[in-house]
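Peer 1: The structure that follows is given in the form of structure tokens.
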Amino acid sequence: MTIWCPSLTGRTGPVFRRIADAIGDSVADGGLPRGARLPPQRDLAHALGVSLNTVTRAYADATARGFVCGEVGRGTYVRDKAPPSTREPAADLARPVTGPIDFSRNLPTPGQAAGALAASLADLAGSNLLASFLDDQTAGGPEHHAAAAAQWLARVGLEARADDIALTNGAQHGILVALLATMRPGDVLLTEALTYAPIKAMAHHLGLRIVPVASEDGVLSPDALEATCGRVAATALYCLPTLHTPTTATMDVDRRTAIAATARRHDLVVIEDDVFGTLPPDRPPPLACLAPERTLYVTSVSKSLAPGLRVGYVHGPPDRMRAVRSAVTLSSWMPPPLMADIASRWILDGTADRLNAVQREEAAARQSMARALIPGESRVADPQGFHVWVPLPPHWHPDVFRMEARARGVKVVVGGAFAIDPSASPHAVRLCLSHESTRARVREGLTVVADLLREGGPRGTLVL
Ligand SMILES: Cc1ncc(COP(=O)(O)O)c(C=O)c1O
């Protein structure tokens with residue numbers, strides 16, 4: 001039997017993209033009619049003389065671009081309806097392009113996922129899953145979500161069993177769930193001295209005592225952790241080993257190994273926040289790989305795909321997952337099944353990798369603008385991260401710098417917002433470059449910050 005097999009001659013780009021382009025052209029000219037089933041991937045790979053992986057990527061690309069649709073195990077079909085426009089919606093539909101330039105929010109670049117959402121919603125409109133999305137799916141929902149999550153965690157080097165993953169409403173919820181599952185009022189939670197600010201409020205509401213641990217070069221110091229564990233009986237450690245907020249540092253594998261050993265020695269539960277984990281293409285293994293018996297690994301799709309999906313994952317050792325699932329049920333019953341389904345589809349069909357690649361590319365471009373505009377002594381950053389940590393010259397008090405920047409139309413966050421001990425506020429501000437819609441606005445905002453750094457102190461009208 002002959003199968004549909006496109007000619008790739010005359011096309012340019014990677015082979016998978018050429019195949020996906022050929023699928024798009026055949027759909028457009030009727031060579032592949034609406035509803036037609038594409039050949040099994042293995043057969044097409046054989047016919048074209050390419051690897052199975054190449055065809056898998058090509059089908060994923062064609063799916064993400066809206067030419068075809070498919071469900072794992074059921075084949076890939078030309079869409080019944082005209083494919084939605086593959087043009088990405090303009091970013092300015094999602095975030096303001098007038099008013100203050102907002103460097104205060106650590107969110108991914110907007111607008112990129114809306115094209116994929118349009119394609120997924122069109123697929124779902126004809127799906128027989130709709131009723132189940134409206135039904136209760138307590139206790140994690142269908143197994144394929146956890147299986148998709150396991151594939152996503154493999155991207156950061158964590159080989160996970162689906163049974164050891166719980167779905168959450170994002171990483172913020174995941175952290176809360178991890179705390180609920182492991183700690184009781186009065187327990188001691190260790191954190192880096194500078195850390196993700198909402199932890200302070202969570203600990204306060206749960207009646208936990210937070211004890212900060214000193215960092216070295218922006219990441220948790222194993223020696224300081226050892227010393228602190230010698231002084232206080234702590235239950236858990238919350239930390240951010242990859243693209244730390246606010247310092248931007250990533251802990252190397254030696255330090256991760258030392259932290260894992262210390263946690264083991266003092267029987268600490270480790271709550272590893274890896275929300276930026278898929279941004280660096282080449283990164284050290286998560287702590288969850290080095291201390292798997294005690295690590296609750298928390299991540300989400302908020303930074304890599306879209307924060308509005310509100311889908312996150314907690315992975316942990318089997319003996320802790322019951323408490324984790326109970327905490328999910330207690331705090332939210334379940335993440336909305338529709339959103340979980342969209343995230344799973346995107347992971348399985350390659351859309352998630354494509355969107356993550358867009359974030360990586362945009363982060364790199366914006367970081368290179370920061371390198372060009374902000375002098376080296378006032379800039380600590382990872383070329384793959386969303387944010388920049390700006391140590392201030394002595395003549396600038398961080399609060400005054402923030403107010404002056406605001407008066408000139410740029411929002412930044414002062415270092416003190418991340419300090420557990422208010423008397424140890426760092427003399428720095430954080431700039432998040434990814435939230436703004438356009439590179440032009442990022443450049444404008446960075447120019448304002450660079451001007452301020454050059455100036456000897458406040459000049460403008462302060463806006464409180
Ligand atoms: C370090 C860190 N952890 C966790 C979160 C929460 O992420 P999510 O949007 O998935 O709840 C954020 C969001 O800004 C973050 O910056």
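Identifiers for the structure tokens are assigned positionally: chains receive A, B, ... in sequence, residues are indexed from 1 per chain, and ligands are indexed from 1 in the order shown.
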Neighbouring residues of ligand 1 are defined here as those with any atom at most 8 Å from a ligand atom, counting only C-alpha atoms and all ligand atoms; list them as number ranges by chain.
Peer 2: A: 105-107, 169-175, 195-196, 240, 244-245, 273-276, 299-303, 307-308, 310-312
Peer 1: Could you give me, as a PyMOL selection string, the residues within 10 Å of Ala146 of chain A, counting only C-alpha atoms and dropping anything in the same chain fewer than 2 positions from it?
Peer 2: chain A and resi 140-144+148-152+160-167+313+315+340+344
Peer 1: Write a file of the just-selected residues containing C-alpha atoms, as a PDB file, in the first residue's frame.
Peer 2:
ATOM      1  CA  GLY A 140      -5.089  14.009  40.533  1.00  0.00           C
ATOM      2  CA  GLY A 141      -7.346  13.316  37.564  1.00  0.00           C
ATOM      3  CA  PRO A 142      -6.697  10.862  34.766  1.00  0.00           C
ATOM      4  CA  GLU A 143      -3.398   9.042  34.826  1.00  0.00           C
ATOM      5  CA  HIS A 144      -2.256  10.469  31.533  1.00  0.00           C
ATOM      6  CA  ALA A 148       2.698  13.744  30.695  1.00  0.00           C
ATOM      7  CA  ALA A 149       4.110  15.436  33.790  1.00  0.00           C
ATOM      8  CA  ALA A 150       6.713  12.666  34.072  1.00  0.00           C
ATOM      9  CA  GLN A 151       7.806  13.464  30.522  1.00  0.00           C
ATOM     10  CA  TRP A 152       8.103  17.137  31.425  1.00  0.00           C
ATOM     11  CA  ALA A 160       9.941  10.282  37.622  1.00  0.00           C
ATOM     12  CA  ARG A 161       7.240   7.652  37.978  1.00  0.00           C
ATOM     13  CA  ALA A 162       3.777   8.995  37.229  1.00  0.00           C
ATOM     14  CA  ASP A 163       2.604   7.535  40.576  1.00  0.00           C
ATOM     15  CA  ASP A 164       4.965   9.872  42.404  1.00  0.00           C
ATOM     16  CA  ILE A 165       3.559  13.064  40.881  1.00  0.00           C
ATOM     17  CA  ALA A 166       0.599  15.145  42.045  1.00  0.00           C
ATOM     18  CA  LEU A 167      -0.932  17.923  39.972  1.00  0.00           C
ATOM     19  CA  TYR A 313       3.511  19.406  39.662  1.00  0.00           C
ATOM     20  CA  HIS A 315       7.056  15.021  42.791  1.00  0.00           C
ATOM     21  CA  ALA A 340      -4.448  20.068  33.102  1.00  0.00           C
ATOM     22  CA  SER A 344      -0.630  17.525  29.019  1.00  0.00           C
TER      23      SER A 344
END
Peer 1: List every residue of segment 25-89 of chain A that DSSP, applied to the backbone, labels as strand (DSSP E or B), and write the result as a list in words.
Peer 2: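 Put together, the selection reads Arg37, Val68, Cys69, Gly70, Glu71, Gly75, Thr76, Tyr77 and Val78 of chain A.
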Peer 1: Could those residues be written to a file, using C-alpha atoms, as a short mmCIF file (atom, residue, chain, number, x, y, z; two decimals), in the first residue's frame?
Peer 2:
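That gives us part_16.cif:
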data_model
loop_
_atom_site.label_atom_id
_atom_site.label_comp_id
_atom_site.auth_asym_id
_atom_site.auth_seq_id
_atom_site.Cartn_x
_atom_site.Cartn_y
_atom_site.Cartn_z
CA ARG A 37 -5.26 10.25 8.55
CA VAL A 68 -3.39 18.43 12.06
CA CYS A 69 -4.61 17.12 15.37
CA GLY A 70 -4.24 13.87 17.15
CA GLU A 71 -4.40 11.95 20.34
CA GLY A 75 -3.24 8.64 15.08
CA THR A 76 -2.83 12.06 13.55
CA TYR A 77 -5.54 13.55 11.33
CA VAL A 78 -5.92 16.58 9.11
#
Peer 1: Which of these, A:Pro222, A:Asp451, A:Arg231, A:Ala178, has the shortest distance to Arg320 of chain A once you count only C-alpha atoms?
Peer 2: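 Nearest candidate to Arg320 of chain A out of A:Pro222, A:Asp451, A:Arg231, A:Ala178: A:Ala178.
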Peer 1: Compile the contact shell of Ile101 of chain A as a ChimeraX atom specification: residues with an atom at most 12 Å away, counting only C-alpha atoms, same-chain residues fewer than 5 positions apart removed.
Peer 2: /A:95-96,405-412,431-449
Peer 1: Can you write just those residues out, C-alpha atoms, as a short mmCIF file (atom, residue, chain, number, x, y, z; two decimals), in the first residue's frame?
Peer 2:
data_model
loop_
_atom_site.label_atom_id
_atom_site.label_comp_id
_atom_site.auth_asym_id
_atom_site.auth_seq_id
_atom_site.Cartn_x
_atom_site.Cartn_y
_atom_site.Cartn_z
CA ARG A 95 -0.05 43.13 28.37
CA PRO A 96 -0.07 46.93 28.29
CA ALA A 405 12.79 54.76 38.82
CA ARG A 406 9.02 54.77 39.30
CA ALA A 407 8.93 58.54 38.80
CA ARG A 408 10.66 57.95 35.47
CA GLY A 409 8.20 55.26 34.46
CA VAL A 410 9.94 52.01 35.50
CA LYS A 411 8.83 49.60 38.22
CA VAL A 412 11.52 47.59 40.06
CA LEU A 431 14.68 43.78 37.39
CA CYS A 432 12.50 41.22 35.60
CA LEU A 433 12.94 41.60 31.87
CA SER A 434 10.44 39.08 30.56
CA HIS A 435 7.12 40.57 31.65
CA GLU A 436 7.16 43.45 29.20
CA SER A 437 5.55 42.86 25.80
CA THR A 438 8.22 44.30 23.56
CA ARG A 439 11.98 44.42 23.44
CA ALA A 440 11.73 48.15 22.71
CA ARG A 441 10.12 48.74 26.11
CA VAL A 442 12.72 46.58 27.80
CA ARG A 443 15.45 48.67 26.16
CA GLU A 444 13.71 51.87 27.26
CA GLY A 445 13.41 50.64 30.85
CA LEU A 446 17.01 49.44 30.97
CA THR A 447 18.15 52.83 29.67
CA VAL A 448 16.31 54.55 32.54
CA VAL A 449 17.96 52.20 35.05
#
Peer 1: Work out how far apart atom CA of Arg17 of chain A and atom CA of Ser51 of chain A are and give it in Å to one decimal.
Peer 2: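 Result for atom CA of Arg17 of chain A versus atom CA of Ser51 of chain A: 13.6 Å, one decimal.
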Peer 1: Near Leu44 of chain A, counting only C-alpha atoms, which residues have an atom at most 8 Å away, once you skip same-chain residues fewer than 3 positions from it, shown as a list in words?
Peer 2: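 Those residues are Ile3, Trp4, Cys5, Pro39, Pro40, Gln41, Ala47, Leu48 and Val55 of chain A.
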Peer 1: Please produce an output containing N, CA and C atoms for each residue in the selection, written as a PDB file, in the first residue's frame.
Peer 2:
ATOM      1  N   ILE A   3       1.737   5.086   0.736  1.00  0.00           N
ATOM      2  CA  ILE A   3       1.311   6.051   1.753  1.00  0.00           C
ATOM      3  C   ILE A   3       1.607   7.456   1.246  1.00  0.00           C
ATOM      4  N   TRP A   4       0.935   8.416   1.873  1.00  0.00           N
ATOM      5  CA  TRP A   4       1.244   9.818   1.536  1.00  0.00           C
ATOM      6  C   TRP A   4       2.684  10.081   1.960  1.00  0.00           C
ATOM      7  N   CYS A   5       3.487  10.583   1.014  1.00  0.00           N
ATOM      8  CA  CYS A   5       4.897  10.808   1.329  1.00  0.00           C
ATOM      9  C   CYS A   5       5.345  12.076   0.592  1.00  0.00           C
ATOM     10  N   PRO A  39       0.045   9.088   7.618  1.00  0.00           N
ATOM     11  CA  PRO A  39       0.611   7.743   7.758  1.00  0.00           C
ATOM     12  C   PRO A  39       1.175   7.547   9.166  1.00  0.00           C
ATOM     13  N   PRO A  40       1.199   6.301   9.647  1.00  0.00           N
ATOM     14  CA  PRO A  40       1.855   6.057  10.934  1.00  0.00           C
ATOM     15  C   PRO A  40       3.286   6.598  10.879  1.00  0.00           C
ATOM     16  N   GLN A  41       3.734   7.136  11.982  1.00  0.00           N
ATOM     17  CA  GLN A  41       5.034   7.815  11.988  1.00  0.00           C
ATOM     18  C   GLN A  41       6.166   6.903  11.523  1.00  0.00           C
ATOM     19  N   ALA A  47       9.654   5.564   4.740  1.00  0.00           N
ATOM     20  CA  ALA A  47       9.510   6.015   3.349  1.00  0.00           C
ATOM     21  C   ALA A  47      10.444   7.184   3.044  1.00  0.00           C
ATOM     22  N   LEU A  48      10.655   8.044   4.038  1.00  0.00           N
ATOM     23  CA  LEU A  48      11.510   9.221   3.786  1.00  0.00           C
ATOM     24  C   LEU A  48      12.987   8.946   4.072  1.00  0.00           C
ATOM     25  N   VAL A  55      10.237  12.321  12.491  1.00  0.00           N
ATOM     26  CA  VAL A  55       8.823  12.378  12.090  1.00  0.00           C
ATOM     27  C   VAL A  55       7.960  12.744  13.311  1.00  0.00           C
TER      28      VAL A  55
END
Peer 1: Just asking: which residues within segment 26-245 of chain A are alpha helix (DSSP H) according to DSSP, as a short mmCIF file (atom, residue, chain, number, x, y, z; two decimals) with N, CA and C atoms, in the first residue's frame?
Peer 2:
data_model
loop_
_atom_site.label_atom_id
_atom_site.label_comp_id
_atom_site.auth_asym_id
_atom_site.auth_seq_id
_atom_site.Cartn_x
_atom_site.Cartn_y
_atom_site.Cartn_z
N SER A 26 0.32 20.53 1.81
CA SER A 26 -0.61 19.52 1.27
C SER A 26 -2.03 19.72 1.80
N VAL A 27 -2.12 20.17 3.07
CA VAL A 27 -3.46 20.47 3.62
C VAL A 27 -4.05 21.65 2.84
N ALA A 28 -3.21 22.66 2.58
CA ALA A 28 -3.71 23.86 1.89
C ALA A 28 -4.16 23.55 0.47
N ASP A 29 -3.39 22.67 -0.26
CA ASP A 29 -3.76 22.44 -1.67
C ASP A 29 -4.67 21.22 -1.85
N GLN A 41 3.73 7.14 11.98
CA GLN A 41 5.03 7.82 11.99
C GLN A 41 6.17 6.90 11.52
N ARG A 42 6.10 5.65 11.96
CA ARG A 42 7.17 4.71 11.61
C ARG A 42 7.21 4.49 10.09
N ASP A 43 6.02 4.40 9.47
CA ASP A 43 5.97 4.16 8.02
C ASP A 43 6.52 5.35 7.26
N LEU A 44 6.15 6.55 7.71
CA LEU A 44 6.64 7.73 6.99
C LEU A 44 8.16 7.87 7.17
N ALA A 45 8.64 7.56 8.38
CA ALA A 45 10.09 7.63 8.62
C ALA A 45 10.81 6.69 7.66
N HIS A 46 10.24 5.50 7.49
CA HIS A 46 10.84 4.51 6.59
C HIS A 46 10.81 5.03 5.15
N ALA A 47 9.65 5.56 4.74
CA ALA A 47 9.51 6.01 3.35
C ALA A 47 10.44 7.18 3.04
N LEU A 48 10.66 8.04 4.04
CA LEU A 48 11.51 9.22 3.79
C LEU A 48 12.99 8.95 4.07
N LEU A 52 12.67 7.95 13.23
CA LEU A 52 11.31 8.05 13.78
C LEU A 52 11.17 9.35 14.58
N ASN A 53 12.23 9.69 15.30
CA ASN A 53 12.20 10.89 16.12
C ASN A 53 11.95 12.15 15.27
N THR A 54 12.53 12.17 14.07
CA THR A 54 12.34 13.33 13.18
C THR A 54 10.87 13.45 12.79
N VAL A 55 10.24 12.32 12.49
CA VAL A 55 8.82 12.38 12.09
C VAL A 55 7.96 12.74 13.31
N THR A 56 8.35 12.24 14.48
CA THR A 56 7.58 12.59 15.69
C THR A 56 7.62 14.10 15.90
N ARG A 57 8.81 14.68 15.72
CA ARG A 57 8.92 16.15 15.87
C ARG A 57 8.13 16.87 14.79
N ALA A 58 8.17 16.33 13.58
CA ALA A 58 7.43 16.98 12.48
C ALA A 58 5.94 16.98 12.76
N TYR A 59 5.40 15.86 13.24
CA TYR A 59 3.96 15.78 13.53
C TYR A 59 3.61 16.73 14.69
N ALA A 60 4.53 16.79 15.67
CA ALA A 60 4.27 17.70 16.80
C ALA A 60 4.25 19.15 16.30
N ASP A 61 5.17 19.47 15.41
CA ASP A 61 5.24 20.84 14.87
C ASP A 61 3.97 21.14 14.06
N ALA A 62 3.56 20.18 13.24
CA ALA A 62 2.35 20.38 12.41
C ALA A 62 1.12 20.51 13.31
N THR A 63 1.12 19.79 14.42
CA THR A 63 0.00 19.88 15.37
C THR A 63 -0.03 21.26 16.01
N ALA A 64 1.16 21.69 16.46
CA ALA A 64 1.23 22.99 17.13
C ALA A 64 0.84 24.12 16.19
N ALA A 114 -0.82 31.86 22.87
CA ALA A 114 -2.23 32.00 22.50
C ALA A 114 -2.57 31.26 21.21
N GLY A 115 -1.62 31.21 20.26
CA GLY A 115 -1.87 30.47 19.01
C GLY A 115 -2.08 28.99 19.30
N ALA A 116 -1.24 28.45 20.19
CA ALA A 116 -1.37 27.03 20.55
C ALA A 116 -2.69 26.79 21.27
N LEU A 117 -3.09 27.77 22.09
CA LEU A 117 -4.36 27.60 22.82
C LEU A 117 -5.53 27.58 21.83
N ALA A 118 -5.46 28.44 20.82
CA ALA A 118 -6.54 28.46 19.82
C ALA A 118 -6.66 27.08 19.16
N ALA A 119 -5.52 26.48 18.81
CA ALA A 119 -5.55 25.16 18.16
C ALA A 119 -6.09 24.10 19.12
N SER A 120 -5.66 24.15 20.38
CA SER A 120 -6.12 23.13 21.33
C SER A 120 -7.61 23.26 21.61
N LEU A 121 -8.08 24.49 21.72
CA LEU A 121 -9.51 24.68 22.00
C LEU A 121 -10.35 24.19 20.82
N ALA A 122 -9.84 24.42 19.59
CA ALA A 122 -10.58 23.94 18.42
C ALA A 122 -10.64 22.41 18.44
N ASP A 123 -9.53 21.77 18.79
CA ASP A 123 -9.52 20.30 18.91
C ASP A 123 -10.51 19.82 19.96
N LEU A 124 -10.45 20.52 21.10
CA LEU A 124 -11.26 20.06 22.23
C LEU A 124 -12.75 20.24 21.97
N ALA A 125 -13.09 21.22 21.12
CA ALA A 125 -14.50 21.48 20.87
C ALA A 125 -15.20 20.22 20.33
N LEU A 130 -15.17 16.43 26.77
CA LEU A 130 -15.67 17.67 27.37
C LEU A 130 -16.43 17.43 28.67
N ALA A 131 -17.30 16.41 28.66
CA ALA A 131 -18.11 16.17 29.88
C ALA A 131 -17.21 15.85 31.06
N SER A 132 -16.13 15.13 30.78
CA SER A 132 -15.27 14.76 31.91
C SER A 132 -14.54 15.97 32.47
N PHE A 133 -14.32 16.99 31.62
CA PHE A 133 -13.67 18.21 32.14
C PHE A 133 -14.57 18.92 33.14
N GLU A 143 -4.82 9.38 34.68
CA GLU A 143 -3.40 9.04 34.83
C GLU A 143 -2.53 9.69 33.75
N HIS A 144 -3.14 9.97 32.59
CA HIS A 144 -2.26 10.47 31.53
C HIS A 144 -1.70 11.85 31.85
N HIS A 145 -2.34 12.59 32.77
CA HIS A 145 -1.75 13.89 33.16
C HIS A 145 -0.43 13.67 33.91
N ALA A 146 -0.44 12.72 34.83
CA ALA A 146 0.79 12.44 35.57
C ALA A 146 1.85 11.86 34.63
N ALA A 147 1.40 11.07 33.63
CA ALA A 147 2.36 10.51 32.68
C ALA A 147 2.99 11.63 31.84
N ALA A 148 2.16 12.59 31.44
CA ALA A 148 2.70 13.74 30.70
C ALA A 148 3.65 14.53 31.59
N ALA A 149 3.25 14.70 32.85
CA ALA A 149 4.11 15.44 33.79
C ALA A 149 5.46 14.74 33.91
N ALA A 150 5.44 13.41 33.95
CA ALA A 150 6.71 12.67 34.07
C ALA A 150 7.61 12.98 32.88
N GLN A 151 7.00 13.11 31.70
CA GLN A 151 7.81 13.46 30.52
C GLN A 151 8.40 14.86 30.67
N TRP A 152 7.62 15.76 31.26
CA TRP A 152 8.10 17.14 31.42
C TRP A 152 9.26 17.17 32.42
N LEU A 153 9.13 16.39 33.50
CA LEU A 153 10.19 16.37 34.51
C LEU A 153 11.47 15.75 33.94
N ALA A 154 11.31 14.86 32.96
CA ALA A 154 12.51 14.27 32.33
C ALA A 154 13.33 15.37 31.64
N GLY A 170 -0.40 25.25 39.88
CA GLY A 170 0.82 26.06 39.78
C GLY A 170 1.79 25.75 40.91
N ALA A 171 2.96 26.40 40.82
CA ALA A 171 4.02 26.12 41.80
C ALA A 171 3.73 26.76 43.16
N GLN A 172 3.09 27.92 43.15
CA GLN A 172 2.76 28.56 44.44
C GLN A 172 1.91 27.61 45.27
N HIS A 173 0.92 27.02 44.62
CA HIS A 173 0.08 26.03 45.29
C HIS A 173 0.92 24.80 45.66
N GLY A 174 1.84 24.44 44.77
CA GLY A 174 2.70 23.28 45.04
C GLY A 174 3.54 23.48 46.29
N ILE A 175 4.05 24.69 46.47
CA ILE A 175 4.87 24.96 47.67
C ILE A 175 3.99 24.87 48.93
N LEU A 176 2.81 25.47 48.82
CA LEU A 176 1.89 25.42 49.96
C LEU A 176 1.53 23.97 50.30
N VAL A 177 1.28 23.19 49.26
CA VAL A 177 0.94 21.77 49.44
C VAL A 177 2.12 21.05 50.12
N ALA A 178 3.33 21.34 49.67
CA ALA A 178 4.51 20.68 50.26
C ALA A 178 4.63 21.05 51.73
N LEU A 179 4.36 22.32 52.05
CA LEU A 179 4.44 22.74 53.46
C LEU A 179 3.34 22.07 54.28
N LEU A 180 2.13 22.05 53.73
CA LEU A 180 1.01 21.41 54.46
C LEU A 180 1.29 19.93 54.70
N ALA A 181 1.94 19.31 53.72
CA ALA A 181 2.15 17.86 53.80
C ALA A 181 3.27 17.48 54.76
N THR A 182 4.13 18.45 55.10
CA THR A 182 5.31 18.05 55.88
C THR A 182 5.44 18.76 57.23
N PRO A 198 6.76 35.24 48.76
CA PRO A 198 5.53 34.70 49.38
C PRO A 198 5.77 33.62 50.43
N ILE A 199 6.99 33.05 50.47
CA ILE A 199 7.26 32.04 51.50
C ILE A 199 7.05 32.61 52.90
N LYS A 200 7.42 33.87 53.05
CA LYS A 200 7.29 34.48 54.39
C LYS A 200 5.83 34.48 54.82
N ALA A 201 4.95 34.87 53.90
CA ALA A 201 3.52 34.93 54.25
C ALA A 201 2.98 33.52 54.49
N MET A 202 3.41 32.57 53.65
CA MET A 202 2.91 31.19 53.86
C MET A 202 3.30 30.69 55.24
N ALA A 203 4.57 30.89 55.58
CA ALA A 203 5.06 30.40 56.88
C ALA A 203 4.28 31.07 58.01
N HIS A 204 4.03 32.36 57.85
CA HIS A 204 3.30 33.10 58.88
C HIS A 204 1.90 32.49 59.08
N HIS A 205 1.20 32.25 57.97
CA HIS A 205 -0.17 31.73 58.08
C HIS A 205 -0.20 30.31 58.62
N LEU A 206 0.85 29.54 58.36
CA LEU A 206 0.86 28.15 58.84
C LEU A 206 1.48 28.04 60.24
N PRO A 222 26.44 25.24 51.88
CA PRO A 222 26.34 23.98 52.64
C PRO A 222 26.89 24.12 54.05
N ASP A 223 27.99 24.92 54.21
CA ASP A 223 28.56 25.09 55.55
C ASP A 223 27.57 25.81 56.46
N ALA A 224 26.96 26.86 55.90
CA ALA A 224 25.99 27.60 56.73
C ALA A 224 24.79 26.71 57.06
N LEU A 225 24.41 25.85 56.12
CA LEU A 225 23.28 24.94 56.39
C LEU A 225 23.64 23.98 57.52
N GLU A 226 24.87 23.46 57.45
CA GLU A 226 25.33 22.53 58.49
C GLU A 226 25.31 23.23 59.85
N ALA A 227 25.84 24.46 59.87
CA ALA A 227 25.92 25.19 61.15
C ALA A 227 24.51 25.48 61.68
N THR A 228 23.60 25.87 60.79
CA THR A 228 22.24 26.19 61.24
C THR A 228 21.55 24.94 61.78
N CYS A 229 21.76 23.81 61.08
CA CYS A 229 21.13 22.56 61.55
C CYS A 229 21.70 22.14 62.90
N GLY A 230 22.94 22.55 63.18
CA GLY A 230 23.52 22.26 64.49
C GLY A 230 22.87 23.10 65.59
N ARG A 231 22.34 24.25 65.22
CA ARG A 231 21.77 25.18 66.21
C ARG A 231 20.28 24.96 66.45
#
Peer 1: Using only C-alpha atoms, which residue out of A:Ala193, A:Leu158, A:Ile374, A:Leu208 lies closest to Leu290 of chain A?
Peer 2: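 Between A:Ala193, A:Leu158, A:Ile374, A:Leu208, the residue approaching Leu290 of chain A most closely is A:Leu158.
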Peer 1: Have a look at A:Ala327, A:Ala113, A:Met403, A:Ala234 and name the one nearest to Thr168 of chain A; count only C-alpha atoms.
Peer 2: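 Comparing A:Ala327, A:Ala113, A:Met403, A:Ala234 against Thr168 of chain A, the winner is A:Ala327.
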Peer 1: Skipping near chain neighbours, those fewer than 5 positions away, what residues fall within 8 Å of Pro284 of chain A using only C-alpha atoms, listed as a list in words?
Peer 2: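 Once the adjacent positions are removed, what remains is Met251, Asp252 and Val253 of chain A.
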Peer 1: Using atom CA of Gly277 of chain A and atom CA of Ser304 of chain A as the two end points, give the distance in Å to one decimal.
Peer 2: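 Here the two named atoms are 8.8 Å from each other.
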Peer 1: One number please: atom CA of Ala428 of chain A to atom CA of Arg454 of chain A, in Å, one decimal.
Peer 2: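 So the answer is 14.9 Å.
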